[in-house]
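Engineer: query03.txt is reproduced in full below (compact mmCIF, C-alpha atoms and all ligand atoms).
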```
# COMPACT_ATOMS: atom_id res chain seq x y z
CA MET A 968 63.25 -26.91 -154.73
CA PRO A 969 61.45 -29.69 -152.85
CA ILE A 970 57.92 -29.32 -154.22
CA TYR A 971 55.72 -32.40 -153.89
CA GLU A 972 58.74 -34.60 -153.37
CA GLU A 973 56.92 -37.29 -151.47
CA ALA A 974 53.33 -36.99 -152.55
CA LEU A 975 53.32 -36.45 -156.30
CA TYR A 976 54.90 -37.79 -159.49
CA ASN A 977 56.98 -35.74 -161.95
CA ILE A 978 55.29 -35.83 -165.37
CA THR A 979 58.13 -34.37 -167.46
CA ASN A 980 58.49 -36.54 -170.58
CA CYS A 981 55.05 -38.09 -170.20
CA ASP A 982 53.15 -38.32 -173.47
CA PHE A 983 50.41 -35.98 -172.30
CA ASP A 984 52.75 -33.25 -170.98
CA SER A 985 52.93 -29.94 -172.87
CA LYS A 986 54.84 -26.66 -172.83
CA GLN A 987 51.85 -25.00 -171.21
CA VAL A 988 52.24 -26.98 -168.00
CA SER A 989 54.21 -24.95 -165.47
CA ASN A 990 54.12 -27.22 -162.42
CA LYS A 991 54.90 -30.70 -163.71
CA HIS A 992 53.45 -32.84 -160.95
CA LEU A 993 50.44 -35.14 -160.61
CA ASP A 994 49.15 -37.92 -158.42
CA LEU A 995 50.38 -41.27 -159.76
CA GLU A 996 46.82 -42.55 -160.22
CA MET A 997 46.08 -39.54 -162.44
CA VAL A 998 49.26 -40.22 -164.47
CA GLU A 999 48.19 -43.84 -165.02
CA ALA A 1000 44.69 -42.81 -166.09
CA LEU A 1001 46.00 -40.23 -168.60
CA ASN A 1002 48.42 -42.78 -170.04
CA LYS A 1003 45.47 -45.17 -170.42
CA VAL A 1004 43.56 -42.49 -172.37
CA ASN A 1005 46.46 -42.14 -174.79
CA ASP A 1006 46.83 -45.92 -175.08
CA ILE A 1007 43.18 -46.03 -176.18
CA PHE A 1008 43.69 -43.28 -178.78
CA LYS A 1009 46.82 -45.02 -180.06
CA GLU A 1010 45.25 -48.46 -180.33
CA PRO A 1011 41.46 -48.08 -180.20
CA ALA A 1012 40.90 -51.46 -181.87
CA LYS A 1013 42.70 -53.13 -178.98
CA TYR A 1014 41.45 -51.11 -176.02
CA TYR A 1015 37.99 -49.86 -177.01
CA PRO A 1016 36.70 -51.73 -180.10
CA GLN A 1017 33.06 -51.07 -179.15
CA ILE A 1018 33.33 -47.44 -180.31
CA LEU A 1019 36.23 -47.82 -182.76
CA ALA A 1020 34.58 -45.83 -185.58
CA GLN A 1021 33.68 -42.96 -183.26
CA ILE A 1022 37.23 -42.77 -181.92
CA LYS A 1023 38.72 -42.77 -185.43
CA ALA A 1024 36.28 -40.04 -186.45
CA THR A 1025 37.63 -37.72 -183.74
CA GLY A 1026 41.04 -37.67 -185.41
CA ILE A 1027 42.61 -37.43 -181.95
CA LYS A 1028 46.04 -39.10 -181.82
CA LYS A 1029 46.71 -38.22 -178.20
CA ILE A 1030 45.55 -35.81 -175.54
CA THR A 1031 47.78 -33.19 -173.93
CA ILE A 1032 47.19 -31.14 -170.83
CA ALA A 1033 47.35 -27.41 -170.19
CA SER A 1034 47.70 -27.53 -166.43
CA ALA A 1035 48.46 -30.11 -163.77
CA ALA A 1036 49.11 -29.61 -160.07
CA ARG A 1037 48.89 -26.10 -158.73
CA SER A 1038 51.88 -25.08 -156.63
CA PRO A 1039 51.37 -24.48 -152.92
CA MET A 1040 52.59 -20.89 -153.28
CA LEU A 1041 50.02 -20.14 -155.97
CA GLN A 1042 47.30 -21.78 -153.94
CA TYR A 1043 48.39 -19.73 -150.95
CA ARG A 1044 48.07 -16.52 -152.94
CA LEU A 1045 44.62 -17.60 -154.11
CA THR A 1046 43.39 -18.67 -150.70
CA ALA A 1047 44.93 -15.80 -148.74
CA LYS A 1048 42.39 -13.51 -150.42
CA ASN A 1049 39.25 -15.46 -149.58
CA LYS A 1050 40.50 -17.65 -146.70
CA ALA A 1051 39.46 -20.84 -148.49
CA PRO A 1052 41.03 -24.07 -147.22
CA TYR A 1053 44.36 -24.90 -148.84
CA LEU A 1054 43.32 -28.30 -149.99
CA GLN A 1055 39.98 -27.39 -151.50
CA SER A 1056 41.31 -27.56 -155.05
CA PHE A 1057 41.84 -30.96 -156.61
CA HIS A 1058 44.57 -29.34 -158.74
CA MET A 1059 46.61 -28.87 -155.59
CA LEU A 1060 46.38 -32.55 -154.79
CA GLY A 1061 47.49 -33.43 -158.31
CA LEU A 1062 44.07 -35.03 -158.77
CA ALA A 1063 42.78 -32.66 -161.47
CA ILE A 1064 44.02 -31.57 -164.88
CA ASP A 1065 42.84 -29.20 -167.59
CA LEU A 1066 43.01 -30.59 -171.11
CA GLU A 1067 44.52 -28.58 -173.94
CA MET A 1068 41.40 -27.77 -175.90
CA LYS A 1069 41.87 -24.57 -177.91
CA GLY A 1070 42.31 -25.34 -181.59
CA LYS A 1071 41.66 -29.08 -181.12
CA ASN A 1072 38.98 -30.86 -183.07
CA PHE A 1073 36.92 -31.52 -179.97
CA ASP A 1074 36.68 -27.80 -179.14
CA PHE A 1075 32.91 -27.42 -179.58
CA ARG A 1076 33.17 -23.79 -178.41
CA GLU A 1077 34.73 -22.94 -181.76
CA ASN A 1078 32.75 -25.36 -183.92
CA SER A 1079 29.48 -26.96 -182.82
CA ASN A 1080 30.13 -29.90 -185.19
CA TYR A 1081 32.93 -30.90 -182.83
CA LEU A 1082 30.54 -31.61 -179.97
CA LYS A 1083 30.22 -35.24 -181.10
CA HIS A 1084 33.99 -35.63 -180.83
CA TYR A 1085 33.94 -34.07 -177.38
CA LEU A 1086 31.30 -36.63 -176.34
CA THR A 1087 33.46 -39.47 -177.73
CA LEU A 1088 36.40 -38.10 -175.76
CA GLU A 1089 34.15 -38.13 -172.68
CA LYS A 1090 33.53 -41.88 -173.25
CA VAL A 1091 37.26 -42.58 -173.61
CA LEU A 1092 37.98 -40.66 -170.43
CA LYS A 1093 35.31 -42.67 -168.63
CA LYS A 1094 36.87 -45.92 -169.84
CA ALA A 1095 40.14 -44.76 -168.22
CA GLY A 1096 38.44 -43.82 -164.93
CA LEU A 1097 38.24 -40.07 -165.60
CA VAL A 1098 35.37 -37.61 -165.70
CA PHE A 1099 34.60 -34.04 -166.75
CA SER A 1100 33.53 -32.91 -163.29
CA GLU A 1101 32.36 -29.38 -164.06
CA PRO A 1102 29.38 -28.29 -166.18
CA ARG A 1103 30.32 -28.22 -169.88
CA SER A 1104 29.30 -24.58 -170.22
CA VAL A 1105 31.48 -23.47 -167.29
CA ASP A 1106 34.71 -25.49 -167.34
CA PRO A 1107 34.66 -27.99 -170.24
CA ASN A 1108 38.30 -29.12 -170.02
CA HIS A 1109 38.61 -29.76 -166.27
CA VAL A 1110 39.07 -33.50 -165.59
CA GLU A 1111 39.18 -35.50 -162.36
CA LEU A 1112 39.42 -39.17 -161.39
CA TYR A 1113 35.91 -40.57 -161.01
CA LYS A 1114 36.84 -42.55 -157.90
CA TYR A 1115 37.59 -39.33 -155.97
CA CYS A 1116 35.12 -37.01 -157.69
CA LEU A 1117 32.87 -35.74 -154.92
CA LYS A 1118 30.66 -33.90 -157.42
CA LYS A 1119 29.91 -36.87 -159.68
CA ASN A 1120 30.46 -40.01 -157.60
CA PRO A 1121 28.17 -40.63 -154.61
CA ASN A 1122 30.56 -43.38 -153.47
CA ALA A 1123 33.77 -41.35 -153.78
CA ASP A 1124 36.67 -42.86 -151.83
CA ILE A 1125 36.92 -40.15 -149.17
CA THR A 1126 39.18 -42.18 -146.89
CA THR A 1127 41.96 -42.46 -149.48
CA LEU A 1128 41.39 -38.84 -150.48
CA GLU A 1129 42.08 -37.70 -146.93
CA ILE A 1130 45.29 -39.74 -146.78
CA LYS A 1131 46.45 -38.07 -150.02
CA GLU A 1132 45.59 -34.63 -148.59
CA GLN A 1133 47.70 -35.24 -145.51
CA LYS A 1134 50.67 -36.36 -147.63
CA VAL A 1135 50.48 -33.26 -149.83
CA LEU A 1136 50.14 -31.00 -146.81
CA LYS A 1137 53.28 -32.47 -145.23
CA ASP A 1138 55.12 -31.81 -148.49
CA PHE A 1139 53.99 -28.18 -148.44
CA ILE A 1140 55.20 -27.75 -144.90
CA SER A 1141 58.68 -29.02 -145.77
CA LEU A 1142 58.75 -26.62 -148.73
CA VAL A 1143 57.82 -23.66 -146.54
CA GLU A 1144 60.41 -24.63 -143.93
CA TYR A 1145 62.99 -24.73 -146.73
CA LYS A 1146 61.87 -21.27 -147.87
CA ILE A 1147 62.26 -19.86 -144.36
CA GLU A 1148 65.79 -21.25 -144.08
CA SER A 1149 66.88 -19.95 -147.48
CA LYS A 1150 65.32 -16.47 -147.32
CA LYS A 1151 67.58 -13.66 -146.26
CA LYS A 1152 65.08 -10.81 -146.34
CA SER A 1153 63.19 -10.65 -143.06
CA GLN A 1154 59.98 -9.49 -144.75
CA ASN A 1155 59.74 -12.68 -146.80
CA LYS A 1156 60.70 -14.73 -143.80
CA LEU A 1157 57.74 -13.36 -141.89
CA HIS A 1158 55.42 -14.16 -144.79
CA TYR A 1159 56.52 -17.80 -144.86
CA LYS A 1160 56.41 -18.10 -141.09
CA ARG A 1161 52.76 -17.04 -141.16
CA LEU A 1162 52.10 -19.55 -143.92
CA LEU A 1163 53.76 -22.28 -141.88
CA ILE A 1164 51.52 -21.56 -138.90
CA ASP A 1165 48.42 -21.73 -141.13
CA LEU A 1166 49.53 -25.00 -142.74
CA ASN A 1167 50.21 -26.58 -139.37
CA LYS A 1168 46.70 -25.62 -138.27
CA GLU A 1169 45.32 -27.57 -141.24
CA LEU A 1170 47.45 -30.61 -140.47
CA LYS A 1171 45.63 -31.80 -137.38
ZN ZN A 1201 40.89 -27.35 -163.70
```
Show me this structure written as structure tokens.
Ligand SMILES: [Zn+2]

Structural biologist:
Amino acid sequence: MPIYEEALYNITNCDFDSKQVSNKHLDLEMVEALNKVNDIFKEPAKYYPQILAQIKATGIKKITIASAARSPMLQYRLTAKNKAPYLQSFHMLGLAIDLEMKGKNFDFRENSNYLKHYLTLEKVLKKAGLVFSEPRSVDPNHVELYKYCLKKNPNADITTLEIKEQKVLKDFISLVEYKIESKKKSQNKLHYKRLLIDLNKELK
């Protein structure tokens, strides 16, 4: 099925991929940043000697993710309820991930002694161009690229962000067109035709 064929990169077999990830796609810049994070954890003496002891103390060998890009169909189901714009979520653009956190030794929710490891992880992420963009108490494992993070970066690169949005949107449209062609039941066909009209409205 042609999901994100043009816009996003398939992360199957990447070091940070995990069984939890259902839609294995991300923006290439996010892939590069996550690989950088794992390079640092693999060879902290080489890539981040300034905080070598802190990194070793975390015991983290590599990070893995729990979710990557959100599929257009899921986003459609979410947005159909509240009429939010399709591209509001950075997950849909492949520009956000959620780290696997439960049971890890930076999960301060389970053990407050782990907060220091979480803060070290935050430094490593920053070194790789990534940021925890949501408040720690609300969404502690949600990560975005700092350069596009509208919440944290006053100089976020909005121009490039818009180009990426348009690319993803075009991908969605080709997926929906494919769905319309392959569906035999007229009820489903109608559903996708409505979706196609809405998507085309967003692609101005
Ligand atoms: Zn998230």

Engineer: For chain A versus ligand ZN 1201 (chain A), which residues have an atom no more than 9 Å away, and what is each residue's nearest atom pair and distance in Å rounded to one decimal, using all atoms listed in the file, chain-then-number order, as CSV?

Structural biologist:
```
residue,atom,partner,partner_atom,distance
A:Ser1034,CA,A:ZN1201,ZN,7.3
A:Ala1035,CA,A:ZN1201,ZN,8.1
A:Ser1056,CA,A:ZN1201,ZN,8.7
A:Phe1057,CA,A:ZN1201,ZN,8.0
A:His1058,CA,A:ZN1201,ZN,6.5
A:Ala1063,CA,A:ZN1201,ZN,6.1
A:Ile1064,CA,A:ZN1201,ZN,5.4
A:Asp1065,CA,A:ZN1201,ZN,4.7
A:Leu1066,CA,A:ZN1201,ZN,8.4
A:Glu1101,CA,A:ZN1201,ZN,8.8
A:Asp1106,CA,A:ZN1201,ZN,7.4
A:Asn1108,CA,A:ZN1201,ZN,7.1
A:His1109,CA,A:ZN1201,ZN,4.2
A:Val1110,CA,A:ZN1201,ZN,6.7
A:Glu1111,CA,A:ZN1201,ZN,8.4
```

Engineer: CA of Thr1031 (chain A) to CA of Leu1136 (chain A): how many Å, to one decimal?

Structural biologist: 27.3 Å

Engineer: Looking at A:Leu1157, A:Cys981, A:Leu1117, A:Leu1060, which one is nearest to Asp994 (chain A), with distances taken over all atoms listed in the file?

Structural biologist: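 Selected residue with least distance to Asp994 (chain A): A:Leu1060.
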
Engineer: At a cut-off of 12 Å, using only C-alpha atoms, what residues contact Arg1076 (chain A)? Leave out same-chain residues fewer than 6 positions from it and give the result as a list in words.

Structural biologist: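 Counting only the stated atoms, we get Met1068, Lys1069, Gly1070, Leu1082, Tyr1085, Arg1103, Ser1104, Val1105, Asp1106, Pro1107 and Asn1108 of chain A.
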
Engineer: Which value, in Å to one decimal, gives the distance between CA of Phe983 (chain A) and CA of Ile1032 (chain A)?

Structural biologist: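 Computing the Euclidean distance for CA of Phe983 (chain A) and CA of Ile1032 (chain A) yields 6.0 Å.
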
Engineer: Would you list the contacts of Glu996 (chain A) as a ChimeraX atom specification, taking every protein, DNA or RNA residue within 12 Å and counting all atoms listed in the file, but skipping same-chain residues closer than 2 positions in sequence?

Structural biologist: /A:974-976,978,992-994,998-1003,1060-1063,1095-1097,1111-1115,1127-1128,1131

Engineer: Would you compute the distance between CA of Ala1024 (chain A) and CA of Gln987 (chain A)? Give it in Å to one decimal.

Structural biologist: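 Computing it gives 26.5 Å between the two atoms.
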
Engineer: Under the rule that all atoms listed in the file are counted, which of A:Asn1072, A:Ser1038, A:Asn1122, A:Thr1087 is the nearest residue to Ala1020 (chain A)?

Structural biologist: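 Of all the options, A:Thr1087 lies closest to Ala1020 (chain A).
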
Engineer: Generate the missing atoms of region 970-1002 of chain A up to N, CA and C atoms and report them as a short mmCIF file (atom, residue, chain, number, x, y, z; two decimals), in the coordinates of the input.

Structural biologist:
```cif
data_model
loop_
_atom_site.label_atom_id
_atom_site.label_comp_id
_atom_site.auth_asym_id
_atom_site.auth_seq_id
_atom_site.Cartn_x
_atom_site.Cartn_y
_atom_site.Cartn_z
N ILE A 970 59.38 -29.38 -154.10
CA ILE A 970 57.92 -29.32 -154.22
C ILE A 970 57.39 -30.73 -154.46
N TYR A 971 56.41 -31.13 -153.68
CA TYR A 971 55.72 -32.40 -153.89
C TYR A 971 56.69 -33.58 -153.98
N GLU A 972 57.73 -33.55 -153.22
CA GLU A 972 58.74 -34.60 -153.37
C GLU A 972 58.20 -35.98 -153.02
N GLU A 973 57.44 -36.01 -151.96
CA GLU A 973 56.92 -37.29 -151.47
C GLU A 973 55.60 -37.66 -152.14
N ALA A 974 54.72 -36.67 -152.24
CA ALA A 974 53.33 -36.99 -152.55
C ALA A 974 53.05 -37.20 -154.03
N LEU A 975 53.72 -36.44 -154.90
CA LEU A 975 53.32 -36.45 -156.30
C LEU A 975 54.44 -36.91 -157.24
N TYR A 976 54.03 -37.20 -158.48
CA TYR A 976 54.90 -37.79 -159.49
C TYR A 976 55.28 -36.74 -160.52
N ASN A 977 56.54 -36.71 -160.94
CA ASN A 977 56.98 -35.74 -161.95
C ASN A 977 56.60 -36.22 -163.35
N ILE A 978 55.85 -35.40 -164.08
CA ILE A 978 55.29 -35.83 -165.37
C ILE A 978 56.12 -35.39 -166.58
N THR A 979 57.29 -34.76 -166.33
CA THR A 979 58.13 -34.37 -167.46
C THR A 979 58.41 -35.60 -168.32
N ASN A 980 58.29 -35.45 -169.61
CA ASN A 980 58.49 -36.54 -170.58
C ASN A 980 57.32 -37.50 -170.71
N CYS A 981 56.25 -37.29 -169.96
CA CYS A 981 55.05 -38.09 -170.20
C CYS A 981 54.44 -37.63 -171.52
N ASP A 982 53.76 -38.56 -172.17
CA ASP A 982 53.15 -38.32 -173.47
C ASP A 982 52.17 -37.15 -173.48
N PHE A 983 51.48 -36.98 -172.38
CA PHE A 983 50.41 -35.98 -172.30
C PHE A 983 50.91 -34.62 -171.82
N ASP A 984 52.19 -34.52 -171.45
CA ASP A 984 52.75 -33.25 -170.98
C ASP A 984 52.82 -32.26 -172.14
N SER A 985 52.78 -30.95 -171.83
CA SER A 985 52.93 -29.94 -172.87
C SER A 985 53.70 -28.73 -172.32
N LYS A 986 54.10 -27.86 -173.23
CA LYS A 986 54.84 -26.66 -172.83
C LYS A 986 54.03 -25.76 -171.91
N GLN A 987 52.73 -25.86 -172.03
CA GLN A 987 51.85 -25.00 -171.21
C GLN A 987 51.90 -25.32 -169.73
N VAL A 988 52.28 -26.55 -169.40
CA VAL A 988 52.24 -26.98 -168.00
C VAL A 988 53.42 -26.40 -167.23
N SER A 989 53.12 -25.59 -166.21
CA SER A 989 54.21 -24.95 -165.47
C SER A 989 54.66 -25.81 -164.29
N ASN A 990 53.74 -26.38 -163.56
CA ASN A 990 54.12 -27.22 -162.42
C ASN A 990 53.91 -28.69 -162.79
N LYS A 991 55.00 -29.38 -163.09
CA LYS A 991 54.90 -30.70 -163.71
C LYS A 991 54.76 -31.83 -162.70
N HIS A 992 53.69 -31.78 -161.94
CA HIS A 992 53.45 -32.84 -160.95
C HIS A 992 51.99 -33.28 -160.93
N LEU A 993 51.79 -34.59 -160.74
CA LEU A 993 50.44 -35.14 -160.61
C LEU A 993 50.47 -36.35 -159.68
N ASP A 994 49.31 -36.67 -159.15
CA ASP A 994 49.15 -37.92 -158.42
C ASP A 994 49.38 -39.10 -159.39
N LEU A 995 50.04 -40.13 -158.89
CA LEU A 995 50.38 -41.27 -159.76
C LEU A 995 49.13 -41.92 -160.40
N GLU A 996 48.05 -41.96 -159.66
CA GLU A 996 46.82 -42.55 -160.22
C GLU A 996 46.30 -41.73 -161.40
N MET A 997 46.48 -40.40 -161.33
CA MET A 997 46.08 -39.54 -162.44
C MET A 997 47.00 -39.78 -163.65
N VAL A 998 48.29 -39.94 -163.39
CA VAL A 998 49.26 -40.22 -164.47
C VAL A 998 48.87 -41.52 -165.19
N GLU A 999 48.55 -42.55 -164.42
CA GLU A 999 48.19 -43.84 -165.02
C GLU A 999 46.92 -43.73 -165.86
N ALA A 1000 45.95 -42.97 -165.36
CA ALA A 1000 44.69 -42.81 -166.09
C ALA A 1000 44.91 -42.05 -167.41
N LEU A 1001 45.74 -41.00 -167.37
CA LEU A 1001 46.00 -40.23 -168.60
C LEU A 1001 46.77 -41.06 -169.62
N ASN A 1002 47.70 -41.87 -169.13
CA ASN A 1002 48.42 -42.78 -170.04
C ASN A 1002 47.46 -43.77 -170.67
#
```
